[in-house]
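Trainee: Dropping the structure in here first, questions after.
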Amino acid sequence: VLKVWDIKSGICLNTIKDNQCIKCMVFGKHDELITSSRSNYIKIWDMKNFNLLKSLQGHDQFIEDMCITKEGLLITADDKGVIKIWKIL
């Protein structure tokens, strides 16, 4: 479960649920939140309405880390050392 909060008001704006523990997240360049969980999936969420935009699978192991490059590519690394580069949007 990932909760999105309004810092000024202290109000929870939404709760993003995954059927597995969310391991890491990054913000994309176009108002999206990108998460990974123990399910080995990458999920891309629209931060305007909190809808799931895409679900990507490409790793056989848990995704341990991810980042967005200045060009907007997503780089992911799993716990076996496999690195993947994604063009997501």
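Every chain in the structure tokens has a letter given in the order shown (A, B, ...), and although residue numbers restart at 1 in each chain, ligands are simply numbered from 1 in the order shown.
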Can you pull out every residue within 10 Å of range 82-89 of chain A, counting only C-alpha atoms, but drop anything in the same chain fewer than 2 positions away, and send it as number ranges by chain?

Mentor: A: 28-30, 32, 34, 44, 54, 56, 58-61, 63, 65-69, 71-80

Trainee: At a cut-off of 8 Å, using only C-alpha atoms, what residues contact Lys3 in chain A? Leave out same-chain residues fewer than 3 positions from it and give the result as a list in words.

Mentor: Cys12, Leu13, Asn14, Thr15 and Ile16 of chain A

Trainee: Nearest to Ser39 in chain A: which of A:Asn51, A:Gln57, A:Ser9, A:Gln20 is it, counting only C-alpha atoms?

Mentor: A:Gln20

Trainee: Under the rule that only C-alpha atoms are counted, which of A:Ser55, A:Gly10, A:Met47, A:Val1 is the nearest residue to Cys24 in chain A?

Mentor: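 Residue with the minimum atom-to-atom distance to Cys24 in chain A: A:Val1.
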
Trainee: Could you tell me how far CA of Phe50 in chain A sits from CA of Leu33 in chain A, in Å to one decimal place?

Mentor: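 Spanning CA of Leu33 in chain A to CA of Phe50 in chain A is a straight-line distance of 8.8 Å.
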
Trainee: Enter the distance from CA of Lys70 in chain A to CA of Leu53 in chain A, in Å, rounded to one decimal.

Mentor: 21.2 Å

Trainee: Which residue out of A:Asn40, A:Asp18, A:Val4, A:Ile11 has the minimum interatomic distance to Leu52 in chain A when only C-alpha atoms are used?

Mentor: A:Asp18

Trainee: Just how far from CA of Lys17 in chain A is CA of Ser36 in chain A, in Å to one decimal?

Mentor: 11.7 Å

Trainee: So which bits of range 9-73 of chain A end up strand (DSSP E) when you DSSP the backbone, as a PyMOL selection string?

Mentor: chain A and resi 12-16+22-27+32-37+41-46+52-57+63-68+73
